[in-house]
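Undergrad: Just one file: entry-v2.txt, with compact mmCIF, C-alpha atoms (C1' of nucleotides).
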```txt
# COMPACT_ATOMS: atom_id res chain seq x y z
CA MET A 1 -94.22 11.71 -28.68
CA LYS A 2 -93.77 12.32 -24.95
CA ASN A 3 -90.30 13.69 -25.52
CA VAL A 4 -91.35 15.97 -28.37
CA LEU A 5 -94.19 17.40 -26.31
CA ASN A 6 -92.31 17.77 -23.03
CA ASN A 7 -93.05 21.51 -22.98
CA LEU A 8 -96.76 20.75 -22.75
CA THR A 9 -96.46 20.19 -19.00
CA LYS A 10 -95.04 23.69 -18.58
CA VAL A 11 -98.05 25.43 -20.15
CA ASN A 12 -100.71 26.86 -17.88
CA ILE A 13 -103.52 25.50 -20.02
CA LYS A 14 -106.36 27.52 -18.50
CA GLU A 15 -104.54 30.81 -18.91
CA PHE A 16 -103.43 29.90 -22.42
CA GLN A 17 -106.99 29.07 -23.49
CA ASP A 18 -108.34 32.24 -21.94
CA ASP A 19 -105.72 34.56 -23.46
CA LEU A 20 -106.13 32.96 -26.88
CA ILE A 21 -109.94 32.84 -26.94
CA THR A 22 -110.36 36.33 -25.52
CA TRP A 23 -108.07 37.71 -28.22
CA PHE A 24 -110.04 35.82 -30.89
CA LYS A 25 -113.38 37.13 -29.69
CA ASN A 26 -112.07 40.70 -29.90
CA GLU A 27 -109.94 40.55 -33.04
CA GLN A 28 -111.44 37.95 -35.35
CA ARG A 29 -112.12 38.96 -38.95
CA ASP A 30 -115.67 39.40 -40.17
CA LEU A 31 -115.92 36.57 -42.71
CA PRO A 32 -119.00 35.40 -44.63
CA TRP A 33 -118.83 31.84 -43.29
CA ARG A 34 -118.85 33.16 -39.74
CA LYS A 35 -122.35 34.65 -39.98
CA ASP A 36 -123.87 31.43 -38.67
CA GLN A 37 -122.87 27.88 -37.82
CA ASP A 38 -124.74 26.06 -40.57
CA PRO A 39 -122.76 22.80 -40.91
CA TYR A 40 -123.19 22.89 -44.71
CA LYS A 41 -121.73 26.39 -45.00
CA VAL A 42 -118.92 25.56 -42.59
CA TRP A 43 -118.21 22.50 -44.74
CA VAL A 44 -118.16 24.46 -48.01
CA SER A 45 -115.87 27.10 -46.53
CA GLU A 46 -113.43 24.54 -45.15
CA ILE A 47 -113.15 22.77 -48.50
CA MET A 48 -112.61 26.07 -50.33
CA LEU A 49 -110.00 27.21 -47.82
CA GLN A 50 -107.81 24.15 -48.33
CA GLN A 51 -104.50 25.49 -49.67
CA THR A 52 -106.30 28.70 -50.68
CA ARG A 53 -106.16 32.24 -49.30
CA VAL A 54 -109.10 33.82 -47.47
CA ASP A 55 -109.22 36.80 -49.86
CA THR A 56 -109.45 34.44 -52.84
CA VAL A 57 -112.18 32.34 -51.26
CA ILE A 58 -114.59 35.09 -50.16
CA PRO A 59 -116.20 35.86 -53.56
CA TYR A 60 -116.28 32.18 -54.52
CA PHE A 61 -117.97 31.30 -51.23
CA ASN A 62 -120.63 33.98 -51.57
CA ARG A 63 -121.48 32.98 -55.12
CA PHE A 64 -121.44 29.25 -54.28
CA ILE A 65 -123.93 29.75 -51.45
CA GLU A 66 -126.12 31.87 -53.75
CA TRP A 67 -126.16 29.14 -56.37
CA PHE A 68 -126.39 26.24 -53.91
CA PRO A 69 -127.77 27.54 -50.60
CA THR A 70 -128.46 24.13 -49.07
CA ILE A 71 -127.37 20.50 -49.10
CA GLU A 72 -130.48 19.76 -51.11
CA THR A 73 -129.78 22.30 -53.86
CA LEU A 74 -126.18 21.21 -54.26
CA ALA A 75 -127.14 17.54 -54.31
CA GLU A 76 -129.64 18.23 -57.09
CA ALA A 77 -127.28 20.35 -59.22
CA ASN A 78 -125.53 18.94 -62.27
CA GLU A 79 -121.78 18.57 -62.17
CA ASP A 80 -121.04 21.01 -64.99
CA LYS A 81 -122.70 23.80 -63.04
CA VAL A 82 -120.88 22.78 -59.86
CA LEU A 83 -117.53 22.77 -61.63
CA LYS A 84 -118.36 26.17 -63.14
CA ALA A 85 -118.83 27.50 -59.61
CA TRP A 86 -115.28 26.36 -58.85
CA GLU A 87 -113.75 27.68 -62.09
CA GLY A 88 -110.44 29.35 -61.29
CA LEU A 89 -110.18 28.09 -57.70
CA GLY A 90 -107.99 25.09 -58.47
CA TYR A 91 -107.79 21.60 -56.96
CA TYR A 92 -111.04 20.73 -58.70
CA SER A 93 -111.35 17.27 -57.13
CA ARG A 94 -112.31 19.18 -53.99
CA VAL A 95 -115.65 20.21 -55.47
CA ARG A 96 -116.27 16.90 -57.19
CA ASN A 97 -115.73 15.15 -53.86
CA LEU A 98 -117.91 17.71 -52.08
CA HIS A 99 -120.69 17.18 -54.60
CA SER A 100 -120.48 13.43 -54.18
CA ALA A 101 -120.38 13.67 -50.38
CA VAL A 102 -123.36 16.02 -50.24
CA LYS A 103 -125.39 13.53 -52.26
CA GLU A 104 -124.44 10.86 -49.75
CA VAL A 105 -125.46 13.05 -46.81
CA LYS A 106 -128.80 13.65 -48.48
CA VAL A 107 -129.71 10.00 -48.93
CA LYS A 108 -127.82 8.30 -46.12
CA TYR A 109 -128.09 10.91 -43.35
CA ASP A 110 -131.41 12.48 -44.35
CA GLY A 111 -129.66 15.69 -45.36
CA VAL A 112 -127.99 16.24 -41.98
CA VAL A 113 -124.19 16.46 -41.84
CA PRO A 114 -123.07 13.74 -39.40
CA ASN A 115 -121.60 14.91 -36.09
CA THR A 116 -119.27 12.06 -35.15
CA PRO A 117 -115.60 11.72 -36.16
CA LYS A 118 -116.17 8.22 -37.48
CA GLU A 119 -119.11 9.07 -39.74
CA ILE A 120 -117.97 12.44 -41.03
CA SER A 121 -114.55 11.08 -41.92
CA THR A 122 -116.08 8.58 -44.34
CA LEU A 123 -117.31 11.44 -46.57
CA LYS A 124 -115.31 12.05 -49.73
CA GLY A 125 -112.85 14.90 -49.41
CA VAL A 126 -113.22 15.12 -45.64
CA GLY A 127 -109.81 14.33 -44.17
CA PRO A 128 -108.52 14.72 -40.61
CA TYR A 129 -108.36 18.53 -40.69
CA THR A 130 -111.76 19.13 -42.28
CA ALA A 131 -113.45 16.58 -40.04
CA GLY A 132 -112.14 18.34 -36.93
CA ALA A 133 -112.98 21.78 -38.31
CA ILE A 134 -116.62 20.95 -39.09
CA LEU A 135 -117.14 19.03 -35.84
CA SER A 136 -115.71 21.77 -33.64
CA ILE A 137 -117.04 24.84 -35.47
CA ALA A 138 -120.52 23.60 -36.41
CA TYR A 139 -121.20 21.16 -33.57
CA GLY A 140 -118.93 22.19 -30.69
CA VAL A 141 -117.16 18.84 -30.56
CA PRO A 142 -113.65 19.15 -29.01
CA GLU A 143 -111.72 17.54 -31.87
CA PRO A 144 -108.36 18.81 -33.20
CA ALA A 145 -108.33 20.65 -36.54
CA VAL A 146 -104.67 20.73 -37.44
CA ASP A 147 -103.78 22.74 -40.52
CA GLY A 148 -100.62 24.57 -41.54
CA ASN A 149 -101.40 27.49 -39.22
CA VAL A 150 -101.87 25.25 -36.20
CA MET A 151 -98.62 23.40 -36.86
CA ARG A 152 -96.73 26.67 -37.22
CA VAL A 153 -98.26 28.24 -34.10
CA LEU A 154 -97.83 25.18 -31.89
CA SER A 155 -94.35 24.40 -33.16
CA ARG A 156 -93.40 27.82 -31.80
CA ILE A 157 -95.40 27.81 -28.59
CA LEU A 158 -94.23 24.33 -27.62
CA SER A 159 -90.86 24.54 -29.40
CA ILE A 160 -91.48 21.46 -31.53
CA TRP A 161 -88.71 20.81 -34.05
CA GLU A 162 -90.46 18.12 -36.09
CA ASP A 163 -90.52 18.59 -39.88
CA ILE A 164 -94.09 19.78 -40.52
CA ALA A 165 -93.81 18.82 -44.20
CA LYS A 166 -93.82 15.15 -43.19
CA PRO A 167 -97.29 13.59 -43.02
CA SER A 168 -96.34 11.72 -39.86
CA SER A 169 -95.85 15.00 -37.97
CA ARG A 170 -99.53 15.86 -37.94
CA LYS A 171 -100.35 13.38 -35.19
CA VAL A 172 -97.87 15.09 -32.87
CA PHE A 173 -99.79 18.35 -33.21
CA GLU A 174 -103.15 16.60 -32.92
CA GLN A 175 -102.02 15.17 -29.61
CA ALA A 176 -100.93 18.63 -28.47
CA VAL A 177 -104.34 20.07 -29.38
CA ARG A 178 -106.12 17.28 -27.51
CA GLU A 179 -104.24 18.36 -24.39
CA LEU A 180 -104.74 22.08 -24.92
CA ILE A 181 -108.23 22.44 -26.42
CA SER A 182 -111.01 24.09 -24.44
CA HIS A 183 -113.90 21.68 -23.91
CA GLU A 184 -116.15 24.63 -23.16
CA GLU A 185 -115.35 26.51 -26.38
CA PRO A 186 -113.69 24.14 -28.86
CA SER A 187 -114.92 26.11 -31.87
CA GLU A 188 -113.38 29.35 -30.64
CA PHE A 189 -110.19 27.57 -29.59
CA ASN A 190 -109.57 25.91 -32.96
CA GLN A 191 -110.45 29.00 -34.94
CA ALA A 192 -108.32 31.15 -32.66
CA LEU A 193 -105.23 29.02 -33.30
CA MET A 194 -105.75 29.41 -37.06
CA GLU A 195 -106.61 33.11 -36.83
CA LEU A 196 -103.49 33.71 -34.76
CA GLY A 197 -101.43 31.96 -37.42
CA ALA A 198 -103.03 34.06 -40.15
CA LEU A 199 -102.78 37.46 -38.43
CA ILE A 200 -99.96 37.37 -35.86
CA CYS A 201 -97.89 34.20 -35.89
CA THR A 202 -97.09 34.48 -39.61
CA PRO A 203 -94.47 32.39 -41.44
CA THR A 204 -91.61 34.84 -42.01
CA SER A 205 -91.94 37.75 -39.61
CA PRO A 206 -94.31 36.98 -36.73
CA SER A 207 -95.66 39.96 -34.78
CA CYS A 208 -94.66 38.65 -31.40
CA MET A 209 -95.08 42.04 -29.73
CA LEU A 210 -98.79 41.91 -30.60
CA CYS A 211 -99.22 38.26 -29.66
CA PRO A 212 -101.81 37.50 -26.96
CA VAL A 213 -100.04 34.28 -25.96
CA ARG A 214 -96.46 35.57 -26.12
CA GLU A 215 -95.90 34.74 -22.47
CA HIS A 216 -96.81 31.11 -23.12
CA CYS A 217 -94.49 30.79 -26.13
CA HIS A 218 -91.27 28.80 -25.71
CA ALA A 219 -89.89 29.87 -29.08
CA PHE A 220 -90.34 33.54 -28.16
CA HIS A 221 -88.61 33.10 -24.83
CA GLU A 222 -85.72 31.32 -26.54
CA GLY A 223 -85.63 33.83 -29.41
CA VAL A 224 -86.05 31.14 -32.07
CA GLN A 225 -89.52 32.07 -33.36
CA THR A 226 -88.22 32.76 -36.88
CA GLU A 227 -86.40 29.41 -37.00
CA LEU A 228 -89.65 27.52 -36.48
CA PRO A 229 -91.40 25.64 -37.87
CA ILE A 230 -88.99 23.26 -39.56
CA LYS A 231 -90.29 22.57 -43.06
CA SER A 232 -88.39 20.61 -45.68
CA GLN A 233 -88.57 21.93 -49.23
CA LYS A 234 -90.53 20.38 -52.05
CA ASN A 235 -89.25 19.16 -55.40
CA LYS A 236 -89.46 21.69 -58.20
CA GLN A 237 -91.88 21.38 -61.09
CA ARG A 238 -91.26 19.22 -64.15
CA GLU A 239 -91.40 21.05 -67.48
CA VAL A 240 -93.71 19.76 -70.25
CA GLN A 241 -93.99 21.03 -73.84
CA LEU A 242 -97.50 21.15 -75.37
CA ALA A 243 -99.16 22.26 -78.57
CA ALA A 244 -102.72 23.61 -78.57
CA VAL A 245 -104.98 24.71 -81.39
CA VAL A 246 -107.87 27.18 -81.53
CA LEU A 247 -110.34 26.04 -84.17
CA ALA A 248 -113.23 28.32 -85.21
CA ASN A 249 -116.21 27.32 -87.36
CA GLU A 250 -118.15 29.57 -89.75
CA LYS A 251 -120.05 31.20 -86.88
CA GLY A 252 -116.86 31.93 -84.99
CA ASP A 253 -117.60 29.34 -82.31
CA LEU A 254 -114.54 27.61 -80.90
CA LEU A 255 -113.91 23.88 -80.51
CA ILE A 256 -113.39 22.68 -76.95
CA HIS A 257 -112.77 19.25 -75.47
CA LYS A 258 -113.82 17.73 -72.14
CA ARG A 259 -110.88 16.33 -70.18
CA PRO A 260 -110.97 12.81 -68.68
CA GLU A 261 -112.92 12.18 -65.48
CA SER A 262 -109.79 11.57 -63.43
CA GLY A 263 -106.39 13.19 -63.05
CA LEU A 264 -105.34 16.77 -63.70
CA LEU A 265 -108.23 19.22 -64.29
CA ALA A 266 -110.67 16.31 -64.42
CA ASN A 267 -113.90 16.97 -66.36
CA LEU A 268 -112.93 20.54 -67.22
CA TRP A 269 -112.86 21.86 -70.79
CA GLU A 270 -109.88 22.87 -72.90
CA PHE A 271 -108.76 23.72 -76.40
CA PRO A 272 -107.43 20.62 -78.19
CA ASN A 273 -103.84 20.03 -77.10
CA LEU A 274 -101.20 17.37 -76.71
CA GLU A 275 -97.66 16.81 -75.45
CA ILE A 276 -94.75 17.33 -77.82
CA ASN A 277 -91.84 16.29 -75.69
CA HIS A 278 -89.67 14.79 -78.43
CA PRO A 279 -87.54 17.33 -80.29
CA ILE A 280 -88.60 15.71 -83.57
CA GLN A 281 -92.22 16.66 -82.78
CA ASN A 282 -91.48 20.31 -83.01
CA ASN A 283 -92.56 21.42 -86.47
CA ARG A 284 -96.02 22.10 -87.84
CA ASP A 285 -96.35 18.99 -90.01
CA GLN A 286 -95.31 16.70 -87.16
CA ILE A 287 -97.77 18.35 -84.78
CA THR A 288 -100.57 18.10 -87.35
CA ARG A 289 -99.91 14.37 -87.59
CA LEU A 290 -100.01 14.02 -83.79
CA PHE A 291 -103.45 15.66 -83.60
CA GLU A 292 -104.61 13.13 -86.20
CA GLN A 293 -103.04 10.16 -84.42
CA ASP A 294 -103.69 10.99 -80.77
CA LEU A 295 -107.01 12.88 -80.94
CA SER A 296 -108.42 11.73 -84.31
CA LEU A 297 -108.68 15.37 -85.35
CA ASN A 298 -108.35 15.87 -89.09
CA LEU A 299 -107.19 19.45 -89.19
CA HIS A 300 -104.91 21.96 -90.85
CA LEU A 301 -102.67 24.09 -88.66
CA ASP A 302 -102.59 27.67 -89.88
CA LYS A 303 -99.91 29.45 -87.89
CA MET A 304 -98.32 29.62 -84.47
CA ILE A 305 -99.68 32.75 -82.80
CA GLY A 306 -97.66 32.64 -79.59
CA GLN A 307 -96.73 30.67 -76.50
CA VAL A 308 -98.48 30.30 -73.16
CA GLU A 309 -96.84 29.25 -69.93
CA HIS A 310 -98.81 27.83 -67.03
CA VAL A 311 -97.44 26.74 -63.66
CA PHE A 312 -99.11 23.99 -61.63
CA SER A 313 -97.95 22.78 -58.22
CA HIS A 314 -95.95 19.96 -59.77
CA LEU A 315 -95.77 20.85 -63.51
CA ILE A 316 -94.90 23.68 -65.84
CA TRP A 317 -96.71 23.64 -69.17
CA LYS A 318 -95.13 25.50 -72.09
CA ILE A 319 -97.75 25.62 -74.80
CA LYS A 320 -97.30 26.54 -78.45
CA VAL A 321 -100.65 27.94 -79.62
CA TYR A 322 -101.82 27.51 -83.21
CA THR A 323 -104.82 28.61 -85.18
CA GLY A 324 -106.26 26.13 -87.66
CA MET A 325 -109.09 24.76 -89.75
CA ILE A 326 -110.93 21.49 -89.17
CA SER A 327 -112.46 19.30 -91.88
CA THR A 328 -116.11 20.07 -92.67
CA ASP A 329 -117.29 16.55 -91.80
CA PHE A 330 -116.36 16.99 -88.13
CA THR A 331 -119.28 16.21 -85.82
CA GLU A 332 -119.82 17.23 -82.23
CA SER A 333 -120.12 14.70 -79.38
CA GLN A 334 -120.21 14.53 -75.59
CA GLU A 335 -116.53 15.48 -75.38
CA TRP A 336 -116.22 17.77 -78.39
CA LYS A 337 -118.28 20.96 -78.66
CA PHE A 338 -118.23 24.18 -80.64
CA VAL A 339 -119.17 26.92 -78.19
CA SER A 340 -119.84 30.63 -78.38
CA LEU A 341 -117.74 32.64 -75.97
CA ASP A 342 -120.93 34.30 -74.76
CA HIS A 343 -122.46 30.97 -73.73
CA THR A 344 -119.89 29.06 -71.71
CA ASP A 345 -122.04 28.77 -68.58
CA ASP A 346 -121.97 24.99 -68.73
CA TYR A 347 -118.28 24.68 -69.48
CA ALA A 348 -115.70 25.20 -66.76
CA LEU A 349 -112.53 26.52 -68.37
CA PRO A 350 -109.33 26.23 -66.33
CA VAL A 351 -106.90 29.13 -66.26
CA PHE A 352 -104.47 27.78 -68.84
CA THR A 353 -107.37 27.63 -71.31
CA GLN A 354 -108.29 31.23 -70.56
CA LYS A 355 -104.69 32.28 -71.22
CA ILE A 356 -104.91 30.65 -74.65
CA LEU A 357 -108.22 32.34 -75.29
CA LYS A 358 -106.80 35.74 -74.42
CA LEU A 359 -103.88 35.19 -76.80
CA TYR A 360 -106.31 34.22 -79.55
CA GLN A 361 -108.54 37.25 -79.01
CA GLU A 362 -105.56 39.60 -79.15
CA TYR A 363 -104.46 37.90 -82.35
CA LYS A 364 -107.92 38.35 -83.89
CA LYS A 365 -107.86 42.08 -83.21
CA GLU A 366 -104.98 42.58 -85.64
C1' DT B 1 -94.00 7.73 -48.03
C1' DA B 2 -93.90 10.61 -51.77
C1' DA B 3 -96.60 12.31 -55.73
C1' DT B 4 -100.43 14.24 -57.34
C1' DC B 5 -103.66 17.88 -57.53
C1' DG B 6 -104.32 24.75 -59.14
C1' DT B 7 -103.97 29.22 -58.61
C1' DG B 8 -102.61 33.80 -57.29
C1' DG B 9 -100.30 36.59 -53.98
C1' DT B 10 -95.88 37.52 -51.40
C1' DT B 11 -90.94 37.70 -50.55
C1' DT C 1 -87.46 36.45 -60.75
C1' DA C 2 -87.63 32.12 -58.59
C1' DA C 3 -89.03 30.36 -54.58
C1' DC C 4 -92.22 30.31 -51.33
C1' DC C 5 -96.66 30.31 -49.46
C1' DA C 6 -102.15 29.40 -48.41
C1' DA C 7 -107.91 26.86 -43.17
C1' DG C 8 -105.20 19.42 -47.23
C1' DA C 9 -106.98 15.01 -49.31
C1' DT C 10 -106.08 11.12 -51.98
C1' DT C 11 -103.50 7.41 -53.84
```
Hey, can you dump this file as C-alpha cells for me?
TA:
Amino acid sequence: MKNVLNNLTKVNIKEFQDDLITWFKNEQRDLPWRKDQDPYKVWVSEIMLQQTRVDTVIPYFNRFIEWFPTIETLAEANEDKVLKAWEGLGYYSRVRNLHSAVKEVKVKYDGVVPNTPKEISTLKGVGPYTAGAILSIAYGVPEPAVDGNVMRVLSRILSIWEDIAKPSSRKVFEQAVRELISHEEPSEFNQALMELGALICTPTSPSCMLCPVREHCHAFHEGVQTELPIKSQKNKQREVQLAAVVLANEKGDLLIHKRPESGLLANLWEFPNLEINHPIQNNRDQITRLFEQDLSLNLHLDKMIGQVEHVFSHLIWKIKVYTGMISTDFTESQEWKFVSLDHTDDYALPVFTQKILKLYQEYKKE
DNA sequence: TAATCGTGGTT
DNA sequence: TAACCAAGATT
C-alpha cells in the first residue's frame, strides 16, 4: 500500500482540494438529485446511478420521486409498483434491496437514514461506495466514495498501476481518498472527483488541457494519462437458445408469467419461455412437449413468427418466438395472468419481453 | 475471487 | 459490428 501510494506525499493536498472543489462549484451539472440534500433522495439517486448513465437515470429519478416522495411512501408501496418504477433500468435487485432497506429504516431508525458507516452499511444494497456517497453528500461525513470515476481519476493523478477491475484494488483508492479528502467540504470533494471523471478525466480521451488539477497529475506530467487506469477485460457472454410463446385468449389478452423471486430478472413478468439448448429440441413438436413438461402448459404452437436477441452483461439470449393456442381449461393463478396491453401497470416487463411484444404486434398487423 | 446481475450509448 | 463502457452489490 505504502509503495503504491508513494506519490501521495508529493501532492500539495490543500491546493489540490481547492483547485478541485472550486472547479466543481463553478462547473457542476444541474441534476435533479442536487436540488437538496435529502438523504432519501441522495440514496435513491446513488442506487439508480450504479452502473447506469446520468442521462438514463434522470427521467427515472424524477418519476420515482413523484411516485414515492418519502421513505414512508416507498415503505408503504407494494413491490409490483416499485418494480414497475424500475422497468427498463436493469439490475432489478437494486430496487428490491432499496425497498427492503427503506422498510427497515422506517421501523428500526424511525424513518431517518442512519449517519454512521457501521449502521448504514448494514442496509441491503448499500455497499462501500453507496455508504460513503450518502454519508458525505447528505451528512457531510468525510468518508471515501470510490466508484469507477474515482479509481480512474486517482489512478492518473497518483500514477497508480493497480488493476482496477480487481475487487482488492478498491481499498488502495479508499486509502488515497482518506488522505486527500477535505474535512471541511467532503460532499463537494467526493462529488468533484466523480464529476471530473465524468466530464474531463474520461476513459479514452481525457481533456487534460481543461483539467483544473492538471498540475497535480503525475500521469499528465509523465504523458501516460491514456495508459491509465489498468483494467483487465471481462469474459464474454455465454449464448443461450430459448423458445417463447405469445398466447392470446378470446379477448386478445396475452398470457404472462411471473419469474422466480431470485436470480435473473427476479419477480418480473415474461411471456412463457424455456431453454432449448439441445439440438434435438429444435423443432415445433419437441418444443411443445417441453412447455408441457417444464411449465405444465398444455398448448398448441401455431407458427414461428421470428427471432429476438437480447444481450445481458453475462448472457446472450437467442429466442425463437411462436404464436399459439392454450387449452380452454387453463386457469389463472398468482404466477400466470392474462393481461390487456392497456393495463400492465402492475406488471413490470423487462426489455426482452417488450422486444417479443413488438415482434408480435408487427405480426398481427399483417 | 470470480460470477452474477440489465440496459443503452459510445467507440 | 463487437467490444467497451456507466456514480456497484451480492454471493
Undergrad: What are the residues of chain C that have an atom within 6 Å of an atom of chain A, counting all atoms listed in the file, as a compact mmCIF listing (two decimals) with C-alpha atoms (C1' of nucleotides), keeping the file's coordinate frame?
TA:
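Wrote selection_8.txt, looks like this:
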```txt
# COMPACT_ATOMS: atom_id res chain seq x y z
C1' DA C 6 -102.15 29.40 -48.41
C1' DA C 7 -107.91 26.86 -43.17
C1' DG C 8 -105.20 19.42 -47.23
C1' DA C 9 -106.98 15.01 -49.31
```
Undergrad: Do you have the CA of Ser333 (chain A)-CA of Ile276 (chain A) distance handy?
TA: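 So the answer is 25.6 Å.
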Undergrad: Write out as a Markdown table the residues of chain A that have any atom within 10 Å of an atom of chain B, one row each with the nearest atom pair and its distance in Å to one decimal, counting only C-alpha atoms (C1' of nucleotides), sorted by chain and then rising number.
TA:
```
| residue | atom | partner | partner_atom | distance |
| --- | --- | --- | --- | --- |
| A:Gln51 | CA | B:DG6 | C1' | 9.5 |
| A:Thr52 | CA | B:DT7 | C1' | 8.3 |
| A:Arg53 | CA | B:DG9 | C1' | 8.7 |
| A:Asp55 | CA | B:DG9 | C1' | 9.8 |
| A:Thr56 | CA | B:DG8 | C1' | 8.2 |
| A:Gly88 | CA | B:DT7 | C1' | 7.0 |
| A:Leu89 | CA | B:DT7 | C1' | 6.4 |
| A:Gly90 | CA | B:DG6 | C1' | 3.7 |
| A:Tyr91 | CA | B:DG6 | C1' | 5.2 |
| A:Tyr92 | CA | B:DG6 | C1' | 7.8 |
| A:Ser93 | CA | B:DC5 | C1' | 7.7 |
| A:Arg94 | CA | B:DC5 | C1' | 9.4 |
| A:Lys166 | CA | B:DT1 | C1' | 8.9 |
| A:Pro167 | CA | B:DT1 | C1' | 8.4 |
| A:Ser168 | CA | B:DT1 | C1' | 9.4 |
| A:Thr204 | CA | B:DT11 | C1' | 9.0 |
| A:Gly263 | CA | B:DC5 | C1' | 7.7 |
| A:Leu264 | CA | B:DC5 | C1' | 6.5 |
| A:Leu265 | CA | B:DC5 | C1' | 8.3 |
| A:Ala266 | CA | B:DC5 | C1' | 10.0 |
| A:His310 | CA | B:DT7 | C1' | 10.0 |
| A:Val311 | CA | B:DG6 | C1' | 8.5 |
| A:Phe312 | CA | B:DG6 | C1' | 5.8 |
| A:Ser313 | CA | B:DG6 | C1' | 6.7 |
| A:His314 | CA | B:DT4 | C1' | 7.7 |
| A:Pro350 | CA | B:DG6 | C1' | 8.9 |
| A:Val351 | CA | B:DT7 | C1' | 8.2 |
```
Undergrad: Would you mind reading off the distance between CA of Leu242 (chain A) and C1' of DA3 (chain C), one decimal, in Å?
TA: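 Between these atoms lies a distance of 24.3 Å.
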Undergrad: Between CA of Leu315 (chain A) and C1' of DA2 (chain C), what is the distance, to one decimal in Å?
TA: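 Interatomic distance here is 14.7 Å.
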Undergrad: Between A:Lys234, A:Val57, A:Leu254, A:Ile65, which residue has the minimum interatomic distance to DC4 (chain C), considering only C-alpha atoms (C1' of nucleotides)?
TA: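 Closest candidate: A:Lys234.
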Undergrad: Determine, counting all atoms listed in the file, which protein, DNA and RNA residues have an atom within 9 Å of an atom of Ser159 (chain A); residues of the same chain fewer than 2 positions away are not included. Present the result as a PyMOL selection string.
TA: chain A and resi 4-5+7+154-157+161+217-219+222+224-225+228-229
Undergrad: Please dump the current selection as a short mmCIF file (atom, residue, chain, number, x, y, z; two decimals), keeping the file's coordinate frame; keep C-alpha atoms.
TA:
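Written output follows (part.cif):
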```
data_model
loop_
_atom_site.label_atom_id
_atom_site.label_comp_id
_atom_site.auth_asym_id
_atom_site.auth_seq_id
_atom_site.Cartn_x
_atom_site.Cartn_y
_atom_site.Cartn_z
CA VAL A 4 -91.35 15.97 -28.37
CA LEU A 5 -94.19 17.40 -26.31
CA ASN A 7 -93.05 21.51 -22.98
CA LEU A 154 -97.83 25.18 -31.89
CA SER A 155 -94.35 24.40 -33.16
CA ARG A 156 -93.40 27.82 -31.80
CA ILE A 157 -95.40 27.81 -28.59
CA TRP A 161 -88.71 20.81 -34.05
CA CYS A 217 -94.49 30.79 -26.13
CA HIS A 218 -91.27 28.80 -25.71
CA ALA A 219 -89.89 29.87 -29.08
CA GLU A 222 -85.72 31.32 -26.54
CA VAL A 224 -86.05 31.14 -32.07
CA GLN A 225 -89.52 32.07 -33.36
CA LEU A 228 -89.65 27.52 -36.48
CA PRO A 229 -91.40 25.64 -37.87
#
```
Undergrad: For Leu196 (chain A), list every protein, DNA or RNA residue within 8 Å, evaluated using only C-alpha atoms (C1' of nucleotides), and leave out those in the same chain fewer than 5 positions away; present the list as a PyMOL selection string.
TA: chain A and resi 24+149+153+201
Undergrad: Which neighbours of region 73-83 of chain A fall inside 6 Å, counting only C-alpha atoms (C1' of nucleotides), when residues of the same chain fewer than 6 positions from it are skipped, and could you give them as a list of chain:residue names?
TA: A:Val102, A:Lys103, A:Asp346, A:Ala348
Undergrad: Of the residues A:Gln237, A:Gln334, A:Asn190, A:Thr328, which is the one nearest to Asn267 (chain A), using only C-alpha atoms?
TA: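 Comparing A:Gln237, A:Gln334, A:Asn190, A:Thr328 against Asn267 (chain A), the winner is A:Gln334.
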Undergrad: Name the closest residue to Val11 (chain A) among the candidates A:Lys251, A:Leu180, A:Asn283, A:Cys211; distances are taken between atoms, counting all atoms listed in the file.
TA: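 Using all atoms listed in the file, the shortest distance to Val11 (chain A) belongs to A:Leu180.
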